[in-house]
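This is target24.cif (mmCIF, C-alpha atoms).
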```
data_entry
loop_
_atom_site.group_PDB
_atom_site.id
_atom_site.type_symbol
_atom_site.label_atom_id
_atom_site.label_comp_id
_atom_site.auth_asym_id
_atom_site.auth_seq_id
_atom_site.Cartn_x
_atom_site.Cartn_y
_atom_site.Cartn_z
ATOM 1 C CA MET A 1 36.763 6.880 13.099
ATOM 2 C CA ALA A 2 33.584 6.250 11.170
ATOM 3 C CA PRO A 3 32.092 2.748 11.374
ATOM 4 C CA LYS A 4 33.091 0.420 8.572
ATOM 5 C CA PRO A 5 30.330 0.323 5.938
ATOM 6 C CA ILE A 6 28.219 -2.812 5.855
ATOM 7 C CA SER A 7 29.535 -4.945 3.003
ATOM 8 C CA ARG A 8 26.532 -7.086 2.084
ATOM 9 C CA GLY A 9 22.856 -6.706 1.384
ATOM 10 C CA CYS A 10 20.208 -7.694 3.889
ATOM 11 C CA ALA A 11 16.563 -7.081 4.734
ATOM 12 C CA ILE A 12 15.378 -5.388 7.916
ATOM 13 C CA GLY A 13 11.714 -6.118 8.625
ATOM 14 C CA LEU A 14 9.921 -4.164 11.355
ATOM 15 C CA ILE A 15 7.085 -5.901 13.187
ATOM 16 C CA GLY A 16 4.787 -4.142 15.624
ATOM 17 C CA ILE A 17 1.343 -2.739 16.281
ATOM 18 C CA ASP A 18 -0.162 0.357 14.667
ATOM 19 C CA GLY A 19 1.278 3.494 16.234
ATOM 20 C CA VAL A 20 4.367 1.820 17.682
ATOM 21 C CA GLY A 21 6.717 4.047 15.657
ATOM 22 C CA LYS A 22 7.844 1.732 12.847
ATOM 23 C CA THR A 23 7.782 4.418 10.157
ATOM 24 C CA THR A 24 9.841 6.805 12.287
ATOM 25 C CA LEU A 25 12.315 4.051 13.095
ATOM 26 C CA ALA A 26 12.594 3.030 9.438
ATOM 27 C CA GLY A 27 13.311 6.606 8.383
ATOM 28 C CA GLU A 28 16.031 7.008 11.001
ATOM 29 C CA LEU A 29 17.566 3.685 9.989
ATOM 30 C CA GLU A 30 17.745 4.831 6.384
ATOM 31 C CA ARG A 31 19.354 8.119 7.434
ATOM 32 C CA ARG A 32 21.989 6.468 9.621
ATOM 33 C CA LEU A 33 22.849 3.847 7.007
ATOM 34 C CA THR A 34 23.172 6.510 4.313
ATOM 35 C CA GLU A 35 25.527 8.473 6.571
ATOM 36 C CA ARG A 36 27.733 5.383 6.711
ATOM 37 C CA GLY A 37 27.815 5.170 2.946
ATOM 38 C CA VAL A 38 25.620 2.079 2.904
ATOM 39 C CA PRO A 39 23.100 1.770 0.041
ATOM 40 C CA ALA A 40 19.789 1.656 1.913
ATOM 41 C CA VAL A 41 16.267 1.680 0.546
ATOM 42 C CA LEU A 42 12.838 1.906 2.176
ATOM 43 C CA LEU A 43 10.398 -0.555 0.648
ATOM 44 C CA SER A 44 6.782 -1.384 1.373
ATOM 45 C CA ARG A 45 4.310 -3.297 -0.750
ATOM 46 C CA ARG A 46 1.723 -0.538 -0.476
ATOM 47 C CA GLN A 47 4.078 2.246 -1.540
ATOM 48 C CA TYR A 48 5.426 0.042 -4.308
ATOM 49 C CA LEU A 49 1.899 -0.404 -5.666
ATOM 50 C CA LYS A 50 1.227 3.326 -5.468
ATOM 51 C CA THR A 51 3.990 3.830 -8.040
ATOM 52 C CA ARG A 52 1.774 1.807 -10.426
ATOM 53 C CA PRO A 53 4.508 -0.368 -11.926
ATOM 54 C CA HIS A 54 3.362 -1.518 -15.373
ATOM 55 C CA ASP A 55 5.042 -4.881 -15.775
ATOM 56 C CA PHE A 56 4.334 -8.507 -14.933
ATOM 57 C CA VAL A 57 5.559 -8.131 -11.357
ATOM 58 C CA GLY A 58 3.519 -4.989 -10.764
ATOM 59 C CA ASP A 59 0.392 -6.523 -12.266
ATOM 60 C CA THR A 60 0.789 -9.627 -10.106
ATOM 61 C CA MET A 61 1.284 -7.581 -6.937
ATOM 62 C CA ALA A 62 -1.731 -5.409 -7.718
ATOM 63 C CA THR A 63 -3.931 -8.446 -8.357
ATOM 64 C CA LEU A 64 -2.997 -10.083 -5.052
ATOM 65 C CA TYR A 65 -3.430 -6.827 -3.122
ATOM 66 C CA GLU A 66 -6.798 -6.243 -4.732
ATOM 67 C CA GLY A 67 -7.864 -9.804 -3.904
ATOM 68 C CA SER A 68 -7.012 -9.277 -0.254
ATOM 69 C CA LEU A 69 -8.870 -5.974 -0.058
ATOM 70 C CA ARG A 70 -11.945 -7.173 -1.934
ATOM 71 C CA THR A 71 -12.364 -10.304 0.181
ATOM 72 C CA LEU A 72 -11.764 -8.422 3.430
ATOM 73 C CA TYR A 73 -14.386 -5.741 2.779
ATOM 74 C CA GLY A 74 -16.500 -7.021 -0.104
ATOM 75 C CA PHE A 75 -18.657 -9.428 1.923
ATOM 76 C CA ALA A 76 -19.155 -7.003 4.826
ATOM 77 C CA GLY A 77 -22.827 -6.305 5.522
ATOM 78 C CA LEU A 78 -24.052 -2.707 5.567
ATOM 79 C CA ALA A 79 -26.548 -0.994 7.838
ATOM 80 C CA GLY A 80 -28.707 -0.059 4.845
ATOM 81 C CA GLY A 81 -28.706 -3.597 3.460
ATOM 82 C CA GLY A 82 -26.542 -5.359 0.918
ATOM 83 C CA THR A 83 -22.782 -5.688 1.089
ATOM 84 C CA LEU A 84 -19.947 -3.230 0.718
ATOM 85 C CA GLY A 85 -18.761 -5.138 -2.346
ATOM 86 C CA ASP A 86 -21.863 -3.901 -4.175
ATOM 87 C CA HIS A 87 -20.231 -0.455 -4.173
ATOM 88 C CA PHE A 88 -16.770 -1.539 -5.312
ATOM 89 C CA PRO A 89 -15.248 -0.428 -8.611
ATOM 90 C CA PRO A 90 -14.936 -3.189 -11.241
ATOM 91 C CA PRO A 91 -11.824 -5.382 -11.390
ATOM 92 C CA ALA A 92 -8.694 -3.352 -12.058
ATOM 93 C CA GLY A 93 -10.549 -0.327 -10.686
ATOM 94 C CA PRO A 94 -8.849 2.320 -8.537
ATOM 95 C CA VAL A 95 -8.529 0.271 -5.329
ATOM 96 C CA MET A 96 -5.488 2.324 -4.290
ATOM 97 C CA SER A 97 -7.300 5.640 -4.698
ATOM 98 C CA ALA A 98 -8.180 8.013 -1.874
ATOM 99 C CA ASP A 99 -11.859 7.840 -2.871
ATOM 100 C CA PHE A 100 -11.906 4.075 -2.475
ATOM 101 C CA GLU A 101 -10.183 4.307 0.913
ATOM 102 C CA ARG A 102 -12.807 6.819 2.037
ATOM 103 C CA LEU A 103 -15.537 4.412 0.921
ATOM 104 C CA LEU A 104 -14.054 1.670 3.098
ATOM 105 C CA ASP A 105 -13.375 3.904 6.103
ATOM 106 C CA GLY A 106 -16.822 5.509 6.011
ATOM 107 C CA ALA A 107 -18.917 2.381 5.475
ATOM 108 C CA ALA A 108 -21.462 1.508 8.192
ATOM 109 C CA ILE A 109 -20.406 -2.144 8.446
ATOM 110 C CA THR A 110 -22.669 -4.395 10.529
ATOM 111 C CA GLY A 111 -20.893 -7.732 10.133
ATOM 112 C CA ASN A 112 -18.535 -9.808 8.033
ATOM 113 C CA ASP A 113 -17.811 -13.382 6.965
ATOM 114 C CA PRO A 114 -14.920 -15.264 8.633
ATOM 115 C CA HIS A 115 -14.437 -17.377 5.506
ATOM 116 C CA ALA A 116 -13.957 -14.225 3.439
ATOM 117 C CA LEU A 117 -11.309 -13.103 5.919
ATOM 118 C CA ILE A 118 -9.553 -16.467 5.601
ATOM 119 C CA THR A 119 -9.440 -15.856 1.852
ATOM 120 C CA SER A 120 -8.025 -12.401 2.511
ATOM 121 C CA MET A 121 -5.329 -13.922 4.750
ATOM 122 C CA LEU A 122 -4.292 -16.271 1.954
ATOM 123 C CA CYS A 123 -4.115 -13.363 -0.506
ATOM 124 C CA GLU A 124 -1.939 -11.436 1.953
ATOM 125 C CA ILE A 125 0.441 -14.345 2.419
ATOM 126 C CA ALA A 126 0.719 -14.815 -1.344
ATOM 127 C CA GLY A 127 1.140 -11.088 -1.942
ATOM 128 C CA HIS A 128 3.936 -10.670 0.566
ATOM 129 C CA LEU A 129 5.697 -13.819 -0.611
ATOM 130 C CA ALA A 130 5.645 -12.473 -4.151
ATOM 131 C CA PHE A 131 6.809 -9.026 -2.993
ATOM 132 C CA ARG A 132 9.687 -10.548 -1.035
ATOM 133 C CA GLU A 133 10.889 -12.722 -3.900
ATOM 134 C CA ALA A 134 10.307 -10.293 -6.779
ATOM 135 C CA VAL A 135 11.175 -6.933 -5.180
ATOM 136 C CA VAL A 136 13.008 -7.286 -1.860
ATOM 137 C CA ALA A 137 15.292 -10.235 -2.662
ATOM 138 C CA PRO A 138 16.753 -8.726 -5.876
ATOM 139 C CA ALA A 139 17.598 -5.512 -3.988
ATOM 140 C CA VAL A 140 19.328 -7.537 -1.264
ATOM 141 C CA ARG A 141 21.294 -9.528 -3.843
ATOM 142 C CA ALA A 142 22.379 -6.218 -5.370
ATOM 143 C CA GLY A 143 24.003 -5.330 -2.047
ATOM 144 C CA LYS A 144 21.352 -2.977 -0.666
ATOM 145 C CA VAL A 145 20.031 -2.878 2.871
ATOM 146 C CA VAL A 146 16.269 -3.048 2.438
ATOM 147 C CA ILE A 147 14.132 -1.597 5.225
ATOM 148 C CA GLU A 148 10.508 -2.728 5.354
ATOM 149 C CA ASP A 149 8.687 -0.481 7.817
ATOM 150 C CA THR A 150 5.909 -3.072 8.115
ATOM 151 C CA HIS A 151 6.627 -6.766 7.708
ATOM 152 C CA GLY A 152 3.917 -8.698 5.872
ATOM 153 C CA ILE A 153 3.043 -10.869 8.874
ATOM 154 C CA LYS A 154 1.350 -7.884 10.532
ATOM 155 C CA MET A 155 -1.681 -7.867 8.237
ATOM 156 C CA VAL A 156 -1.986 -11.653 8.369
ATOM 157 C CA VAL A 157 -2.208 -11.494 12.171
ATOM 158 C CA LYS A 158 -4.707 -8.646 12.044
ATOM 159 C CA LEU A 159 -6.988 -10.520 9.643
ATOM 160 C CA TYR A 160 -6.727 -13.607 11.836
ATOM 161 C CA LEU A 161 -7.886 -11.639 14.879
ATOM 162 C CA LEU A 162 -10.732 -9.983 12.985
ATOM 163 C CA ALA A 163 -11.910 -13.386 11.768
ATOM 164 C CA THR A 164 -11.646 -15.116 15.148
ATOM 165 C CA SER A 165 -13.842 -12.399 16.643
ATOM 166 C CA LEU A 166 -16.593 -13.565 14.256
ATOM 167 C CA ALA A 167 -16.216 -17.338 14.516
ATOM 168 C CA GLY A 168 -17.990 -19.144 17.358
ATOM 169 C CA SER A 169 -16.156 -21.539 19.672
ATOM 170 C CA GLY A 170 -17.400 -24.587 17.768
ATOM 171 C CA ASP A 171 -17.087 -23.080 14.306
ATOM 172 C CA LEU A 172 -15.060 -25.212 11.906
ATOM 173 C CA SER A 173 -13.578 -22.020 10.462
ATOM 174 C CA ASN A 174 -11.446 -21.775 13.617
ATOM 175 C CA GLN A 175 -9.423 -24.778 12.461
ATOM 176 C CA SER A 176 -8.871 -23.143 9.091
ATOM 177 C CA LEU A 177 -7.867 -19.877 10.744
ATOM 178 C CA GLU A 178 -5.269 -21.573 12.920
ATOM 179 C CA ALA A 179 -3.889 -23.478 9.935
ATOM 180 C CA VAL A 180 -3.638 -20.376 7.746
ATOM 181 C CA LEU A 181 -1.984 -18.327 10.502
ATOM 182 C CA LYS A 182 0.561 -21.091 11.042
ATOM 183 C CA ALA A 183 1.174 -21.266 7.291
ATOM 184 C CA GLY A 184 1.713 -17.501 7.168
ATOM 185 C CA ILE A 185 4.185 -17.552 10.054
ATOM 186 C CA THR A 186 6.106 -20.352 8.340
ATOM 187 C CA ALA A 187 6.009 -18.966 4.792
ATOM 188 C CA LEU A 188 6.857 -15.364 5.702
ATOM 189 C CA ARG A 189 9.657 -16.229 8.115
ATOM 190 C CA PRO A 190 12.741 -14.175 7.145
ATOM 191 C CA ASP A 191 15.932 -15.863 5.985
ATOM 192 C CA PRO A 192 18.179 -15.757 9.091
ATOM 193 C CA ALA A 193 21.292 -15.547 6.911
ATOM 194 C CA ALA A 194 20.208 -12.344 5.166
ATOM 195 C CA SER A 195 17.590 -10.707 7.401
ATOM 196 C CA VAL A 196 17.192 -8.864 10.673
ATOM 197 C CA PRO A 197 13.569 -9.160 11.835
ATOM 198 C CA VAL A 198 12.855 -6.527 14.484
ATOM 199 C CA LEU A 199 10.000 -6.594 16.980
ATOM 200 C CA VAL A 200 9.144 -3.027 18.017
ATOM 201 C CA GLN A 201 7.215 -2.875 21.283
ATOM 202 C CA VAL A 202 5.183 -0.284 23.148
ATOM 203 C CA ASP A 203 2.134 -0.144 25.405
ATOM 204 C CA PRO A 204 -0.989 -0.097 23.156
ATOM 205 C CA GLU A 205 -2.326 2.841 25.190
ATOM 206 C CA ILE A 206 0.753 4.845 24.229
ATOM 207 C CA ALA A 207 0.357 3.757 20.608
ATOM 208 C CA TYR A 208 -3.250 4.970 20.655
ATOM 209 C CA GLN A 209 -2.201 8.381 21.962
ATOM 210 C CA ARG A 210 0.452 8.646 19.256
ATOM 211 C CA ARG A 211 -2.027 7.721 16.537
ATOM 212 C CA VAL A 212 -4.559 10.326 17.638
ATOM 213 C CA ALA A 213 -1.838 12.966 17.990
ATOM 214 C CA GLN A 214 -0.605 12.187 14.461
ATOM 215 C CA HIS A 215 -3.877 11.870 12.576
ATOM 216 C CA GLY A 216 -6.661 12.984 14.894
ATOM 217 C CA ARG A 217 -8.078 9.440 14.869
ATOM 218 C CA VAL A 218 -7.055 5.839 14.359
ATOM 219 C CA GLY A 219 -7.055 4.251 10.904
ATOM 220 C CA GLY A 220 -9.862 2.211 9.374
ATOM 221 C CA MET A 221 -7.995 -1.081 9.782
ATOM 222 C CA GLU A 222 -6.695 -0.411 13.292
ATOM 223 C CA HIS A 223 -9.781 -1.579 15.196
ATOM 224 C CA TYR A 224 -12.646 -4.067 14.862
ATOM 225 C CA GLY A 225 -14.731 -1.826 12.592
ATOM 226 C CA PRO A 226 -14.250 -4.026 9.477
ATOM 227 C CA VAL A 227 -16.220 -6.808 11.182
ATOM 228 C CA GLY A 228 -19.061 -4.576 12.350
ATOM 229 C CA ARG A 229 -17.953 -3.862 15.898
ATOM 230 C CA ALA A 230 -17.603 -0.482 17.540
ATOM 231 C CA VAL A 231 -14.638 1.681 16.605
ATOM 232 C CA GLY A 232 -12.591 3.985 18.809
ATOM 233 C CA HIS A 233 -10.284 3.630 21.794
ATOM 234 C CA ASP A 234 -11.450 0.336 23.307
ATOM 235 C CA SER A 235 -11.695 -1.405 19.947
ATOM 236 C CA TYR A 236 -8.236 -0.177 18.975
ATOM 237 C CA VAL A 237 -6.575 -1.184 22.238
ATOM 238 C CA GLU A 238 -8.156 -4.645 22.200
ATOM 239 C CA LEU A 239 -7.053 -5.417 18.640
ATOM 240 C CA GLN A 240 -3.568 -4.021 19.149
ATOM 241 C CA SER A 241 -3.078 -5.798 22.493
ATOM 242 C CA ARG A 242 -4.021 -9.135 20.971
ATOM 243 C CA SER A 243 -1.822 -8.433 17.968
ATOM 244 C CA GLN A 244 1.130 -7.641 20.206
ATOM 245 C CA LYS A 245 0.701 -10.921 22.067
ATOM 246 C CA ILE A 246 0.925 -12.885 18.813
ATOM 247 C CA PHE A 247 3.838 -10.742 17.617
ATOM 248 C CA ASP A 248 5.638 -11.629 20.831
ATOM 249 C CA GLU A 249 5.192 -15.333 20.063
ATOM 250 C CA ILE A 250 6.378 -14.790 16.493
ATOM 251 C CA GLY A 251 9.352 -12.845 17.815
ATOM 252 C CA THR A 252 10.425 -15.895 19.781
ATOM 253 C CA LEU A 253 9.891 -18.275 16.850
ATOM 254 C CA TRP A 254 11.785 -16.059 14.424
ATOM 255 C CA GLY A 255 14.516 -14.946 16.819
ATOM 256 C CA CYS A 256 13.578 -11.293 16.387
ATOM 257 C CA LEU A 257 15.662 -8.489 17.778
ATOM 258 C CA ARG A 258 13.453 -6.691 20.326
ATOM 259 C CA VAL A 259 13.519 -2.910 20.673
ATOM 260 C CA GLU A 260 11.366 -0.359 22.472
ATOM 261 C CA LEU A 261 10.470 3.245 21.724
ATOM 262 C CA PRO A 262 9.508 4.627 25.159
ATOM 263 C CA PRO A 263 7.356 7.774 25.275
ATOM 264 C CA GLN A 264 9.403 9.466 27.999
ATOM 265 C CA ASP A 265 12.596 9.663 25.898
ATOM 266 C CA ARG A 266 11.635 9.256 22.263
ATOM 267 C CA GLU A 267 14.880 10.607 20.804
ATOM 268 C CA GLY A 268 17.043 8.543 23.123
ATOM 269 C CA GLY A 269 14.912 5.462 22.586
ATOM 270 C CA LEU A 270 15.052 5.915 18.821
ATOM 271 C CA ARG A 271 18.827 6.303 18.885
ATOM 272 C CA THR A 272 19.238 3.196 21.048
ATOM 273 C CA ALA A 273 16.919 1.139 18.840
ATOM 274 C CA VAL A 274 18.801 2.137 15.690
ATOM 275 C CA ASP A 275 22.131 1.310 17.360
ATOM 276 C CA GLN A 276 20.821 -2.145 18.269
ATOM 277 C CA ILE A 277 19.577 -2.826 14.748
ATOM 278 C CA LEU A 278 22.785 -1.622 13.094
ATOM 279 C CA ALA A 279 24.811 -3.837 15.426
ATOM 280 C CA ALA A 280 22.693 -6.806 14.348
ATOM 281 C CA VAL A 281 23.188 -5.914 10.679
ATOM 282 C CA ASP A 282 26.940 -5.635 11.250
ATOM 283 C CA GLY A 283 26.797 -9.086 12.829
ATOM 284 C CA LEU A 284 25.267 -10.493 9.650
ATOM 285 C CA ALA A 285 28.025 -8.931 7.554
ATOM 286 C CA GLU A 286 30.744 -10.317 9.821
ATOM 287 C CA GLY A 287 29.263 -13.791 9.476
ATOM 288 C CA GLN A 288 29.339 -13.802 5.662
#
```

Kindly return the structure encoded in the file as structure tokens.
Amino acid sequence: MAPKPISRGCAIGLIGIDGVGKTTLAGELERRLTERGVPAVLLSRRQYLKTRPHDFVGDTMATLYEGSLRTLYGFAGLAGGGTLGDHFPPPAGPVMSADFERLLDGAAITGNDPHALITSMLCEIAGHLAFREAVVAPAVRAGKVVIEDTHGIKMVVKLYLLATSLAGSGDLSNQSLEAVLKAGITALRPDPAASVPVLVQVDPEIAYQRRVAQHGRVGGMEHYGPVGRAVGHDSYVELQSRSQKIFDEIGTLWGCLRVELPPQDREGGLRTAVDQILAAVDGLAEGQ
């Protein structure tokens, strides 16, 4: 007998380092839920913005995303002098375009400003709060199971780690960084009555191998390059290892379901992880 369809909407938010397999897991979750006759939808703020929604909500999301991106990269110093922001398009320019992404990825960054990264963190928190309330929550209220392949806290943690690598031990910006990270963890905490936050775990070395196998290299925001440090394997593993440690702490605070996608049995691990998540979603429905 087929499982009884889930009878209420909820949000599934995947948390984990780059290369852990969140996108693959999200796709399999959508497939399995659809097979059960459950209305499921994959949502991410980035993909939402790429659809270029022309309404108040879309404009607000785009403004907050642009603010985060501009403050993260705009004050970064360049090897040839000046800052990367000198080469940015004007406000409302094509910040989601492939050309702009290539500009960011290819820039010879020599340093950055921790206070600019704090500003970027605040923009990220605001952007994901707005996305949750204006896009995710209405879908949940409509009875859909929303799958976010990357929960908003991920970028907040990454920006925090990039900024702390710049701030000295006695720098007052450290206090601000800690306060903003704490605020992000509090503000972006999922509603336990309507959400299943999932912490996806894997060895960062394995994640690195997956990333290189997928794309031939790691992404521009997956290492310490945006703050002027070396890129590549060591930079990637350090940033991802530190991210995973904070995610583990968040997982405890938020009561996250923990799943693993082991490299030795990817199909079996994926199936087990999906089974665990669906059981948790069923538990929410039974408690309504």

> CA of Ile147 (chain A) and CA of Val200 (chain A) are how many Å apart?
Replying inline: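 Value for the CA of Ile147 (chain A)-CA of Val200 (chain A) distance: 13.8 Å.
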
>> Residue by residue, what does the PyMOL selection byres ((chain A and resi 125-136) around 7) grab here? Present the result as a PyMOL selection string.
In response: chain A and resi 45+57+61+64-65+121-124+137-140+146+152+156+184+188

Store the residues picked out above, limited to C-alpha atoms, as a PDB file, in the frame of the given file.
```
ATOM      1  CA  ARG A  45       4.310  -3.297  -0.750  1.00  0.00           C
ATOM      2  CA  VAL A  57       5.559  -8.131 -11.357  1.00  0.00           C
ATOM      3  CA  MET A  61       1.284  -7.581  -6.937  1.00  0.00           C
ATOM      4  CA  LEU A  64      -2.997 -10.083  -5.052  1.00  0.00           C
ATOM      5  CA  TYR A  65      -3.430  -6.827  -3.122  1.00  0.00           C
ATOM      6  CA  MET A 121      -5.329 -13.922   4.750  1.00  0.00           C
ATOM      7  CA  LEU A 122      -4.292 -16.271   1.954  1.00  0.00           C
ATOM      8  CA  CYS A 123      -4.115 -13.363  -0.506  1.00  0.00           C
ATOM      9  CA  GLU A 124      -1.939 -11.436   1.953  1.00  0.00           C
ATOM     10  CA  ALA A 137      15.292 -10.235  -2.662  1.00  0.00           C
ATOM     11  CA  PRO A 138      16.753  -8.726  -5.876  1.00  0.00           C
ATOM     12  CA  ALA A 139      17.598  -5.512  -3.988  1.00  0.00           C
ATOM     13  CA  VAL A 140      19.328  -7.537  -1.264  1.00  0.00           C
ATOM     14  CA  VAL A 146      16.269  -3.048   2.438  1.00  0.00           C
ATOM     15  CA  GLY A 152       3.917  -8.698   5.872  1.00  0.00           C
ATOM     16  CA  VAL A 156      -1.986 -11.653   8.369  1.00  0.00           C
ATOM     17  CA  GLY A 184       1.713 -17.501   7.168  1.00  0.00           C
ATOM     18  CA  LEU A 188       6.857 -15.364   5.702  1.00  0.00           C
TER      19      LEU A 188
END
```

> With distances taken over all atoms listed in the file, which of A:Leu284, A:Gly220, A:Gly111, A:Leu159 is nearest to Gly81 (chain A)?
Replying inline: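 For Gly81 (chain A), the nearest of the candidates is A:Gly111.
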
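Every protein or nucleic acid residue with an atom no more than 12 Å from Glu101 (chain A), counting only C-alpha atoms and leaving out same-chain residues fewer than 6 positions away, appears here: Leu69, Arg70, Tyr73, Phe88, Pro89, Pro94, Val95, Ala107, Gly219, Gly220 and Met221 of chain A.
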
> What is the CA of Leu14 (chain A)-CA of Leu43 (chain A) distance in Å, reported with one decimal?
Replying inline: 11.3 Å

>> Running the PyMOL selection byres ((chain A and resi 25-36) around 12) on this model by hand, what would come out? Give it as number ranges by chain.
In response: A: 1-7, 9, 11-16, 19-24, 37-44, 144-151, 198-201, 259-261, 266-279, 281-282

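Computed from the coordinates, the CA of Val237 (chain A) to CA of Asp105 (chain A) distance equals 18.2 Å.
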
>> Set the distance at 12 Å and use all atoms listed in the file: which residues neighbour Ala79 (chain A) once local chain neighbours fewer than 4 positions away are removed? I'd like the list as a ChimeraX atom specification.
In response: /A:83-84,106-112,228

Go ahead and fit an axis-aligned box to every listed atom of region 151-169 of chain A plus 3 Å each side, and pass me the centre and edge lengths in Å, one decimal, as lines of an AutoDock Vina configuration file.
```
center_x = -5.7
center_y = -14.2
center_z = 12.8
size_x = 30.6
size_y = 20.8
size_z = 19.8
```

>> So that I can check the surroundings of His223 (chain A), please list as a VMD selection string every protein, DNA and RNA residue that reaches within 9 Å of it, counting only C-alpha atoms and ignoring chain neighbours fewer than 3 positions away.
In response: chain A and resid 162 218 to 220 226 229 to 240

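Nearest residue to Ile17 (chain A) among A:Tyr224, A:Tyr208, A:Tyr160, A:Trp254 is A:Tyr208, counting only C-alpha atoms.
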
> What do you get, as a ChimeraX atom specification, if you spell out every residue that the PyMOL selection byres ((chain A and resi 176) around 12) selects here?
Replying inline: /A:114-119,121-122,160,163-164,167,171-175,177-183

Can you patch up region 122-133 of chain A, filling it in to N, CA and C atoms, and show the result as an mmCIF file, keeping the file's coordinate frame?
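Dumped to part-v2.cif:
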```cif
data_model
loop_
_atom_site.group_PDB
_atom_site.id
_atom_site.type_symbol
_atom_site.label_atom_id
_atom_site.label_comp_id
_atom_site.auth_asym_id
_atom_site.auth_seq_id
_atom_site.Cartn_x
_atom_site.Cartn_y
_atom_site.Cartn_z
ATOM 1 N N LEU A 122 -5.051 -15.528 2.960
ATOM 2 C CA LEU A 122 -4.292 -16.271 1.954
ATOM 3 C C LEU A 122 -3.756 -15.336 0.869
ATOM 4 N N CYS A 123 -4.575 -14.350 0.478
ATOM 5 C CA CYS A 123 -4.115 -13.363 -0.506
ATOM 6 C C CYS A 123 -2.945 -12.547 0.045
ATOM 7 N N GLU A 124 -3.023 -12.195 1.329
ATOM 8 C CA GLU A 124 -1.939 -11.436 1.953
ATOM 9 C C GLU A 124 -0.646 -12.241 1.988
ATOM 10 N N ILE A 125 -0.755 -13.500 2.374
ATOM 11 C CA ILE A 125 0.441 -14.345 2.419
ATOM 12 C C ILE A 125 1.063 -14.438 1.028
ATOM 13 N N ALA A 126 0.223 -14.708 0.032
ATOM 14 C CA ALA A 126 0.719 -14.815 -1.344
ATOM 15 C C ALA A 126 1.326 -13.497 -1.820
ATOM 16 N N GLY A 127 0.656 -12.391 -1.506
ATOM 17 C CA GLY A 127 1.140 -11.088 -1.942
ATOM 18 C C GLY A 127 2.491 -10.732 -1.354
ATOM 19 N N HIS A 128 2.661 -11.011 -0.067
ATOM 20 C CA HIS A 128 3.936 -10.670 0.566
ATOM 21 C C HIS A 128 5.046 -11.637 0.177
ATOM 22 N N LEU A 129 4.696 -12.891 -0.081
ATOM 23 C CA LEU A 129 5.697 -13.819 -0.611
ATOM 24 C C LEU A 129 6.205 -13.336 -1.967
ATOM 25 N N ALA A 130 5.270 -12.953 -2.820
ATOM 26 C CA ALA A 130 5.645 -12.473 -4.151
ATOM 27 C C ALA A 130 6.467 -11.191 -4.059
ATOM 28 N N PHE A 131 6.074 -10.281 -3.169
ATOM 29 C CA PHE A 131 6.809 -9.026 -2.993
ATOM 30 C C PHE A 131 8.231 -9.303 -2.513
ATOM 31 N N ARG A 132 8.360 -10.225 -1.563
ATOM 32 C CA ARG A 132 9.687 -10.548 -1.035
ATOM 33 C C ARG A 132 10.596 -11.115 -2.126
ATOM 34 N N GLU A 133 10.057 -12.043 -2.910
ATOM 35 C CA GLU A 133 10.889 -12.722 -3.900
ATOM 36 C C GLU A 133 11.147 -11.877 -5.144
#
```
